[in-house]
Every structure is written in C-alpha cells, then in structure tokens.
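As stored in coords.tsv (TSV, C-alpha atoms):
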chain	number	residue	atom	x	y	z
A	55	MET	CA	-103.02	-162.08	-86.08
A	56	LYS	CA	-101.82	-163.52	-82.84
A	57	LEU	CA	-103.32	-161.67	-79.91
A	58	PRO	CA	-101.59	-161.44	-76.56
A	59	LEU	CA	-103.07	-164.12	-74.31
A	60	ARG	CA	-104.82	-161.79	-71.87
A	61	LYS	CA	-106.42	-159.69	-74.61
A	62	HIS	CA	-107.34	-162.80	-76.58
A	63	LYS	CA	-109.05	-164.29	-73.53
A	64	ARG	CA	-111.12	-161.18	-73.00
A	65	TRP	CA	-111.99	-160.99	-76.69
A	66	CYS	CA	-113.31	-164.57	-76.63
A	67	MET	CA	-115.43	-164.10	-73.52
A	68	SER	CA	-118.97	-162.81	-73.78
A	69	VAL	CA	-120.80	-161.21	-70.91
A	70	GLY	CA	-122.37	-163.93	-68.80
A	71	ARG	CA	-125.33	-163.70	-66.47
A	72	LEU	CA	-124.41	-165.48	-63.28
A	73	LEU	CA	-126.86	-166.45	-60.55
A	74	ILE	CA	-125.40	-167.28	-57.16
A	75	ILE	CA	-127.67	-168.88	-54.57
A	76	LEU	CA	-126.50	-168.66	-50.97
A	77	PHE	CA	-128.14	-170.80	-48.30
A	78	THR	CA	-125.89	-170.38	-45.27
A	79	PRO	CA	-125.67	-167.72	-42.55
A	80	PRO	CA	-122.53	-165.72	-41.83
A	81	TRP	CA	-119.73	-167.04	-39.59
A	82	GLN	CA	-120.75	-170.71	-39.58
A	83	SER	CA	-118.88	-171.34	-42.80
A	84	GLU	CA	-116.76	-169.45	-45.30
A	85	ASN	CA	-119.54	-169.40	-47.87
A	86	THR	CA	-120.34	-165.72	-47.48
A	87	ASP	CA	-116.68	-164.77	-48.00
A	88	THR	CA	-116.43	-167.15	-50.96
A	89	VAL	CA	-119.57	-165.73	-52.54
A	90	TYR	CA	-118.21	-162.22	-52.06
A	91	GLU	CA	-114.88	-163.03	-53.74
A	92	PHE	CA	-116.54	-165.06	-56.48
A	93	ALA	CA	-119.13	-162.39	-57.28
A	94	LYS	CA	-116.53	-159.62	-57.13
A	95	ALA	CA	-114.28	-161.48	-59.58
A	96	ALA	CA	-117.19	-162.03	-61.99
A	97	LEU	CA	-118.22	-158.37	-61.78
A	98	GLU	CA	-114.66	-157.25	-62.42
A	99	GLU	CA	-114.66	-159.40	-65.57
A	100	GLY	CA	-117.78	-157.57	-66.73
A	101	HIS	CA	-120.36	-160.26	-66.04
A	102	GLU	CA	-123.81	-159.62	-64.64
A	103	VAL	CA	-124.23	-161.08	-61.17
A	104	THR	CA	-127.30	-161.79	-59.08
A	105	VAL	CA	-127.00	-163.15	-55.53
A	106	PHE	CA	-130.13	-164.77	-54.11
A	107	CYS	CA	-130.07	-165.23	-50.32
A	108	ASP	CA	-132.38	-168.00	-49.15
A	109	ILE	CA	-133.20	-169.61	-45.79
A	110	ASP	CA	-130.49	-168.77	-43.18
A	111	ALA	CA	-128.52	-166.75	-45.74
A	112	THR	CA	-130.96	-163.90	-45.16
A	113	TYR	CA	-129.02	-163.26	-41.93
A	114	ASN	CA	-126.19	-162.00	-44.16
A	115	LEU	CA	-128.38	-159.10	-45.22
A	116	MET	CA	-129.05	-157.60	-41.79
A	117	ALA	CA	-127.64	-154.09	-41.76
A	118	SER	CA	-127.40	-154.03	-37.98
A	119	GLN	CA	-124.82	-156.79	-37.63
A	120	ILE	CA	-121.40	-155.63	-36.47
A	121	LEU	CA	-118.54	-157.74	-35.18
A	122	ALA	CA	-116.03	-156.65	-32.60
A	123	ASP	CA	-113.58	-155.75	-35.36
A	124	GLN	CA	-116.27	-153.59	-36.98
A	125	THR	CA	-116.60	-155.91	-39.95
A	126	ALA	CA	-119.85	-157.54	-40.97
A	127	PRO	CA	-121.21	-159.52	-43.91
A	128	ALA	CA	-123.48	-156.56	-44.56
A	129	GLY	CA	-120.43	-154.53	-45.59
A	130	LYS	CA	-119.49	-157.05	-48.26
A	131	ILE	CA	-123.06	-157.25	-49.50
A	132	ALA	CA	-123.18	-153.46	-49.74
A	133	LYS	CA	-119.90	-153.50	-51.67
A	134	LEU	CA	-121.27	-156.02	-54.18
A	135	ILE	CA	-124.37	-153.88	-54.70
A	136	GLU	CA	-122.14	-150.84	-55.18
A	137	MET	CA	-120.23	-152.78	-57.84
A	138	GLY	CA	-123.42	-153.55	-59.71
A	139	ALA	CA	-124.63	-156.89	-58.34
A	140	ARG	CA	-128.31	-157.49	-57.76
A	141	VAL	CA	-128.82	-158.94	-54.30
A	142	LEU	CA	-132.17	-160.56	-53.63
A	143	ALA	CA	-133.61	-161.62	-50.27
A	144	CYS	CA	-136.18	-164.37	-49.92
A	145	GLN	CA	-138.62	-162.31	-47.91
A	146	GLU	CA	-140.47	-165.32	-46.52
A	147	SER	CA	-137.20	-166.71	-45.13
A	148	ALA	CA	-136.38	-163.30	-43.64
A	149	ARG	CA	-139.86	-162.88	-42.17
A	150	LEU	CA	-139.71	-166.33	-40.55
A	151	ARG	CA	-136.44	-165.30	-38.88
A	152	GLY	CA	-137.84	-162.05	-37.54
A	153	ILE	CA	-135.70	-159.86	-39.79
A	154	ASP	CA	-137.29	-156.46	-40.24
A	155	LEU	CA	-137.52	-156.14	-44.01
A	156	LYS	CA	-138.33	-152.45	-43.86
A	157	LYS	CA	-135.68	-151.28	-41.45
A	158	ASN	CA	-132.92	-153.84	-41.23
A	159	LEU	CA	-131.90	-154.81	-44.75
A	160	VAL	CA	-128.70	-153.56	-46.33
A	161	ARG	CA	-129.56	-150.65	-48.59
A	162	GLY	CA	-130.16	-151.81	-52.14
A	163	VAL	CA	-131.20	-155.38	-51.31
A	164	VAL	CA	-134.33	-156.33	-53.25
A	165	LYS	CA	-137.12	-158.23	-51.54
A	166	SER	CA	-137.82	-161.38	-53.49
A	167	SER	CA	-139.33	-164.86	-53.31
A	168	LEU	CA	-138.88	-168.47	-54.40
A	169	GLY	CA	-141.17	-167.75	-57.32
A	170	GLN	CA	-138.78	-165.01	-58.38
A	171	LEU	CA	-135.86	-167.42	-57.96
A	172	ALA	CA	-137.57	-169.78	-60.41
A	173	ILE	CA	-137.85	-166.92	-62.90
A	174	GLU	CA	-134.21	-165.92	-62.34
A	175	LEU	CA	-133.17	-169.51	-62.97
A	176	ALA	CA	-135.31	-170.23	-65.97
A	177	GLU	CA	-135.30	-166.94	-67.81
A	178	LYS	CA	-132.58	-164.57	-66.75
A	179	HIS	CA	-129.29	-166.38	-66.22
A	180	ASP	CA	-126.79	-168.50	-68.12
A	181	ARG	CA	-125.11	-170.14	-65.15
A	182	VAL	CA	-126.07	-170.93	-61.58
A	183	VAL	CA	-123.84	-171.72	-58.63
A	184	ALA	CA	-125.24	-172.64	-55.23
A	185	PHE	CA	-123.35	-172.33	-51.94
A	186	GLY	CA	-124.52	-174.10	-48.83
B	166	MET	CA	-131.54	-169.41	-69.61
B	167	VAL	CA	-131.16	-172.47	-67.39
B	168	ASN	CA	-134.02	-174.80	-68.24
B	169	LYS	CA	-132.64	-178.18	-67.24
B	170	ILE	CA	-132.37	-178.20	-63.49
B	171	CYS	CA	-131.78	-180.99	-61.02
B	172	LEU	CA	-132.94	-180.35	-57.47
B	173	VAL	CA	-130.98	-182.65	-55.20
B	174	ILE	CA	-132.68	-183.20	-51.85
B	175	LYS	CA	-130.09	-184.46	-49.37
B	176	SER	CA	-131.33	-182.99	-46.08
B	177	PRO	CA	-133.88	-184.82	-43.91
B	178	PRO	CA	-137.52	-183.73	-43.94
B	179	TYR	CA	-137.72	-182.65	-40.30
B	180	GLY	CA	-135.34	-180.67	-38.12
B	181	SER	CA	-134.40	-178.22	-40.85
B	182	GLY	CA	-136.32	-176.17	-43.37
B	183	ARG	CA	-133.67	-176.65	-46.00
B	184	ALA	CA	-135.11	-179.54	-47.97
B	185	ALA	CA	-138.65	-178.20	-47.80
B	186	GLU	CA	-137.34	-175.11	-49.59
B	187	GLY	CA	-136.17	-177.39	-52.41
B	188	LEU	CA	-139.67	-178.81	-52.78
B	189	ARG	CA	-141.12	-175.30	-52.84
B	190	LEU	CA	-138.66	-174.30	-55.56
B	191	ALA	CA	-139.67	-177.40	-57.52
B	192	THR	CA	-143.29	-176.26	-57.33
B	193	ALA	CA	-142.34	-172.75	-58.47
B	194	LEU	CA	-140.35	-174.10	-61.43
B	195	ILE	CA	-143.20	-176.36	-62.52
B	196	ALA	CA	-145.52	-173.36	-62.37
B	197	MET	CA	-143.20	-171.80	-64.98
B	198	ASN	CA	-143.33	-174.92	-67.16
B	199	VAL	CA	-139.80	-175.89	-66.22
B	200	MET	CA	-139.82	-179.57	-65.22
B	201	PRO	CA	-136.93	-180.18	-62.83
B	202	HIS	CA	-135.40	-183.53	-62.06
B	203	ILE	CA	-136.05	-184.17	-58.37
B	204	LEU	CA	-133.47	-186.48	-56.85
B	205	PHE	CA	-133.40	-187.71	-53.26
B	206	ILE	CA	-130.06	-188.81	-51.83
B	207	ASP	CA	-128.50	-189.20	-48.38
B	208	ASP	CA	-130.94	-188.24	-45.58
B	209	GLY	CA	-133.34	-186.85	-48.17
B	210	ILE	CA	-134.44	-190.47	-48.61
B	211	TYR	CA	-136.44	-190.13	-45.38
B	212	PHE	CA	-138.92	-187.89	-47.23
B	213	LEU	CA	-140.05	-190.91	-49.21
B	214	LEU	CA	-140.78	-193.43	-46.47
B	215	LYS	CA	-144.32	-194.66	-46.10
B	216	ASN	CA	-146.48	-194.45	-42.97
B	217	GLN	CA	-145.11	-191.11	-41.76
B	218	LYS	CA	-147.23	-189.22	-39.25
B	219	PRO	CA	-145.49	-185.88	-38.69
B	220	GLU	CA	-148.79	-184.30	-37.65
B	221	ALA	CA	-148.56	-186.29	-34.42
B	222	ALA	CA	-145.56	-184.13	-33.46
B	223	GLY	CA	-147.15	-180.93	-34.72
B	224	LEU	CA	-145.13	-180.95	-37.94
B	225	THR	CA	-146.35	-180.36	-41.45
B	226	SER	CA	-146.70	-183.38	-43.71
B	227	PHE	CA	-145.02	-183.27	-47.11
B	228	GLY	CA	-147.18	-186.11	-48.40
B	229	GLU	CA	-149.53	-184.10	-50.58
B	230	ARG	CA	-146.77	-181.94	-52.02
B	231	LEU	CA	-144.63	-184.98	-52.82
B	232	LYS	CA	-147.59	-186.72	-54.45
B	233	THR	CA	-148.20	-183.66	-56.62
B	234	LEU	CA	-144.52	-183.38	-57.56
B	235	ALA	CA	-144.41	-187.11	-58.29
B	236	ASP	CA	-147.38	-186.78	-60.63
B	237	LEU	CA	-146.03	-183.70	-62.41
B	238	ALA	CA	-142.28	-184.18	-62.55
B	239	GLY	CA	-141.46	-187.62	-61.14
B	240	LEU	CA	-139.26	-188.47	-58.18
B	241	HIS	CA	-135.88	-190.22	-58.22
B	242	ALA	CA	-133.90	-191.75	-55.38
B	243	ALA	CA	-130.36	-193.09	-55.16
B	244	ARG	CA	-130.42	-196.81	-54.40
B	245	ASP	CA	-127.13	-196.60	-52.50
B	246	SER	CA	-128.57	-194.00	-50.11
B	247	ILE	CA	-131.56	-196.26	-49.45
B	248	ALA	CA	-129.32	-199.26	-48.72
B	249	GLU	CA	-126.92	-197.25	-46.53
B	250	ARG	CA	-129.86	-196.52	-44.22
B	251	GLU	CA	-130.75	-200.21	-44.08
B	252	LEU	CA	-133.94	-199.50	-45.97
B	253	LYS	CA	-135.44	-201.24	-48.98
B	254	PRO	CA	-137.18	-199.76	-52.03
B	255	SER	CA	-140.35	-201.38	-50.66
B	256	ASP	CA	-140.10	-199.06	-47.63
B	257	LEU	CA	-140.80	-196.10	-49.92
B	258	ASP	CA	-144.36	-194.82	-50.28
B	259	GLU	CA	-145.77	-196.43	-53.42
B	260	ASN	CA	-147.96	-193.35	-54.04
B	261	TYR	CA	-144.83	-191.47	-55.12
B	262	ASN	CA	-143.81	-193.97	-57.83
B	263	VAL	CA	-140.17	-193.31	-56.99
B	264	LYS	CA	-137.68	-194.41	-59.60
B	265	THR	CA	-134.63	-195.81	-57.83
B	266	LEU	CA	-131.28	-195.27	-59.52
B	267	SER	CA	-127.85	-196.85	-59.34
B	268	LEU	CA	-124.87	-194.58	-58.85
B	269	ASP	CA	-124.16	-194.57	-62.60
B	270	GLU	CA	-127.79	-193.76	-63.40
B	271	THR	CA	-127.73	-190.98	-60.79
B	272	ALA	CA	-124.66	-189.46	-62.43
B	273	GLU	CA	-126.28	-189.77	-65.84
B	274	LEU	CA	-129.44	-188.03	-64.59
B	275	ILE	CA	-127.47	-185.09	-63.21
B	276	SER	CA	-125.29	-184.86	-66.31
B	277	GLN	CA	-128.39	-184.21	-68.42
B	278	ASP	CA	-128.99	-180.99	-66.54
B	279	GLU	CA	-127.45	-177.55	-66.84
B	280	ALA	CA	-127.63	-176.89	-63.11
B	281	ALA	CA	-127.85	-178.95	-59.94
B	282	ILE	CA	-128.91	-177.28	-56.71
B	283	THR	CA	-128.63	-179.17	-53.45
B	284	PHE	CA	-131.02	-178.73	-50.54
Using structure tokens, write down the structure that the file contains.
Amino acid sequence: MKLPLRKHKRWCMSVGRLLIILFTPPWQSENTDTVYEFAKAALEEGHEVTVFCDIDATYNLMASQILADQTAPAGKIAKLIEMGARVLACQESARLRGIDLKKNLVRGVVKSSLGQLAIELAEKHDRVVAFG
Amino acid sequence: MVNKICLVIKSPPYGSGRAAEGLRLATALIAMNVMPHILFIDDGIYFLLKNQKPEAAGLTSFGERLKTLADLAGLHAARDSIAERELKPSDLDENYNVKTLSLDETAELISQDEAAITF
C-alpha cells in the first residue's frame, strides 16, 4: 500500500527524546528565538523536549524581564513549558548571577545542575543539540 | 541514550566561565561512567600551556582538574590551533599527556561520537 507522503513520514517516525542545551543570554544573539522555534517544532511533531539553560542562558528564565514592547524570553519559555517541554536551570549558574531562584524563575522551570545534565545526556535522551 | 560525547573546549581559560563549565561537565560525565572525548581547539589551547600561574591574579587554577581529566579520560588538542597561536606541542604541560591531532584525526575523533558540545 502506498501511503500519502505526509502520513508515511509520520508513520515512520518514532517519538524522540531531544535535549537542547542553551548557553547564551537573551538579546545578544538569536539563539533563544531559535531554541524556541526548534523546540516548538519538535513538540508539535510529538517528540519529548528538554531545554537545559546553562551559564548566561539562565538569564532567559528570569520572570521579571520585560522589554518595551512587552515581550520577553520568559514568555517563550513559559509557552514551551505549557506545550510540555521540561525546562531546566543550572542553579549554580543562576546563583552566581544573582538570580533569585525562589522568586524570579518562570513558573514551571526546574532547578537543576551539571550533574543532572550529565544524567540527561547519558540516560534520558536520544539526541542533543547545543546552542551558544 | 547518548553515551559517546565529545566536549570541545574552544574558549580560553580565563575571562569567561564558559570553558570551565565544559570541564565540570566532563567530571560529571566521568562520575556516571561515561568517558567523554575532551578536545581542545582554538583559544581552548591556552588551558594546556605549562607554567601558568593564575593564582597570582586571584584566579582559580585548572591544573589539578586537567590532570585528573587527563588521567581518567585523556586530553586531545588540534595541532592546527596550536600552530596558529605560534605555539609548539612542547609548550603544552607534559603532565597532561595531551595527544595532538591533525585536522583529519580531529574530524575522525568527533565522528566517533554521538554528540559534540562546544564550550
């Protein structure tokens, strides 16, 4: 039986577990926007997505950031969480940058560590993509 | 599961915490019995120079950590990156037993891995 291309493609694909590591802060590059679009596309295809924010990328997770046009990376992070992504913050990186982990993280962000990143890499994911 | 990982250190040792994070991740992976390839290219080469005294400027030395990683997982460096900085393999700290690689060997090393993460 010849399946229509789109259906055939979906039939062939299994659910992947994708780990995205983000190293860069908002606004200094397009990485945060790229990660958002990339993760969103993967989630829409039914894949499991984890985003690990390390070093300066923890600035993306600050709930209090608002730009003049009322947009902020926090809004995109919140959207990804709403869609089912796990978003992890390296708490040591955040602590070093004075980010209040109790009061100023986007709701749903999980406090994590480099040790946890090693576990995510070695045990929980099929693919890893790093931005930064 | 991603068990074959190459950590590519391309940032310099001082002035940014980026590369140090790569060394910490290497330590965490080894603690989980995952032996990463650790490859130094570009300004990451400066990690490997001998006779560094970062303590004199109030900075933390990576010497002990690099020695431990060298013993456990081995360290690799791109020969081209060394030459581009007008350095010689003999300028590298012999305690790290760094294996220097040509461009082809560097590509082959990375191609053995399932993931490469740059720091």
How close does segment 112-135 of chain A get to segment 143-162 of chain A? List, as JSON lines, each residue of segment 112-135 of chain A within 9 Å, its nearest atom pair and the distance in Å to one decimal, counting only C-alpha atoms.
{"residue": "A:Thr112", "atom": "CA", "partner": "A:Ala148", "partner_atom": "CA", "distance": 5.7}
{"residue": "A:Tyr113", "atom": "CA", "partner": "A:Ala148", "partner_atom": "CA", "distance": 7.6}
{"residue": "A:Leu115", "atom": "CA", "partner": "A:Leu159", "partner_atom": "CA", "distance": 5.6}
{"residue": "A:Met116", "atom": "CA", "partner": "A:Leu159", "partner_atom": "CA", "distance": 5.0}
{"residue": "A:Ala117", "atom": "CA", "partner": "A:Val160", "partner_atom": "CA", "distance": 4.7}
{"residue": "A:Ser118", "atom": "CA", "partner": "A:Asn158", "partner_atom": "CA", "distance": 6.4}
{"residue": "A:Ala128", "atom": "CA", "partner": "A:Val160", "partner_atom": "CA", "distance": 6.3}
{"residue": "A:Gly129", "atom": "CA", "partner": "A:Val160", "partner_atom": "CA", "distance": 8.4}
{"residue": "A:Ile131", "atom": "CA", "partner": "A:Val160", "partner_atom": "CA", "distance": 7.4}
{"residue": "A:Ala132", "atom": "CA", "partner": "A:Val160", "partner_atom": "CA", "distance": 6.5}
{"residue": "A:Ile135", "atom": "CA", "partner": "A:Gly162", "partner_atom": "CA", "distance": 6.7}
Residue selection dump (C-alpha atoms) as a short mmCIF file (atom, residue, chain, number, x, y, z; two decimals), keeping the file's coordinate frame:
data_model
loop_
_atom_site.label_atom_id
_atom_site.label_comp_id
_atom_site.auth_asym_id
_atom_site.auth_seq_id
_atom_site.Cartn_x
_atom_site.Cartn_y
_atom_site.Cartn_z
CA THR A 112 -130.96 -163.90 -45.16
CA TYR A 113 -129.02 -163.26 -41.93
CA LEU A 115 -128.38 -159.10 -45.22
CA MET A 116 -129.05 -157.60 -41.79
CA ALA A 117 -127.64 -154.09 -41.76
CA SER A 118 -127.40 -154.03 -37.98
CA ALA A 128 -123.48 -156.56 -44.56
CA GLY A 129 -120.43 -154.53 -45.59
CA ILE A 131 -123.06 -157.25 -49.50
CA ALA A 132 -123.18 -153.46 -49.74
CA ILE A 135 -124.37 -153.88 -54.70
#
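You can rank A:Ser167, A:Ser68, A:Thr88, A:Ser83 by their closest distance to chain B using all atoms listed in the file, and at the top of that list sits A:Ser167.
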Distance limit 7 Å, atoms considered: all atoms listed in the file. Which chain B residues sit that close to chain A? Return them as a short mmCIF file (atom, residue, chain, number, x, y, z; two decimals) with C-alpha atoms, in the frame of the given file.
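Result saved to out13.cif:
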data_model
loop_
_atom_site.label_atom_id
_atom_site.label_comp_id
_atom_site.auth_asym_id
_atom_site.auth_seq_id
_atom_site.Cartn_x
_atom_site.Cartn_y
_atom_site.Cartn_z
CA MET B 166 -131.54 -169.41 -69.61
CA VAL B 167 -131.16 -172.47 -67.39
CA ASN B 168 -134.02 -174.80 -68.24
CA LEU B 190 -138.66 -174.30 -55.56
CA ALA B 193 -142.34 -172.75 -58.47
CA LEU B 194 -140.35 -174.10 -61.43
CA ALA B 280 -127.63 -176.89 -63.11
CA ILE B 282 -128.91 -177.28 -56.71
#
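The smallest atom-to-atom distance between Lys130 of chain A and any of A:Ser166, A:Leu76, A:Gly70, A:Asn114, using only C-alpha atoms, is found for A:Asn114.
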* **Distance query Ile247 of chain B at most 10 Å, all atoms listed in the file, self and fewer than 2 positions along chain excluded, as a PyMOL selection string** => chain B and resi 205-211+242-245+249-254+256-257+265
* Give me the residues within 9 Å of Pro201 of chain B as a ChimeraX atom specification, counting all atoms listed in the file and dropping any in the same chain fewer than 5 places off. => /B:168-172,191,194-195,238-239,278
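Reported to one decimal place, the separation of atom CA of Leu214 of chain B from atom CA of Leu268 of chain B is 20.2 Å.
Taking atom CA of Gly187 of chain B and atom CA of Leu204 of chain B as the two end points, the separation is 10.5 Å.
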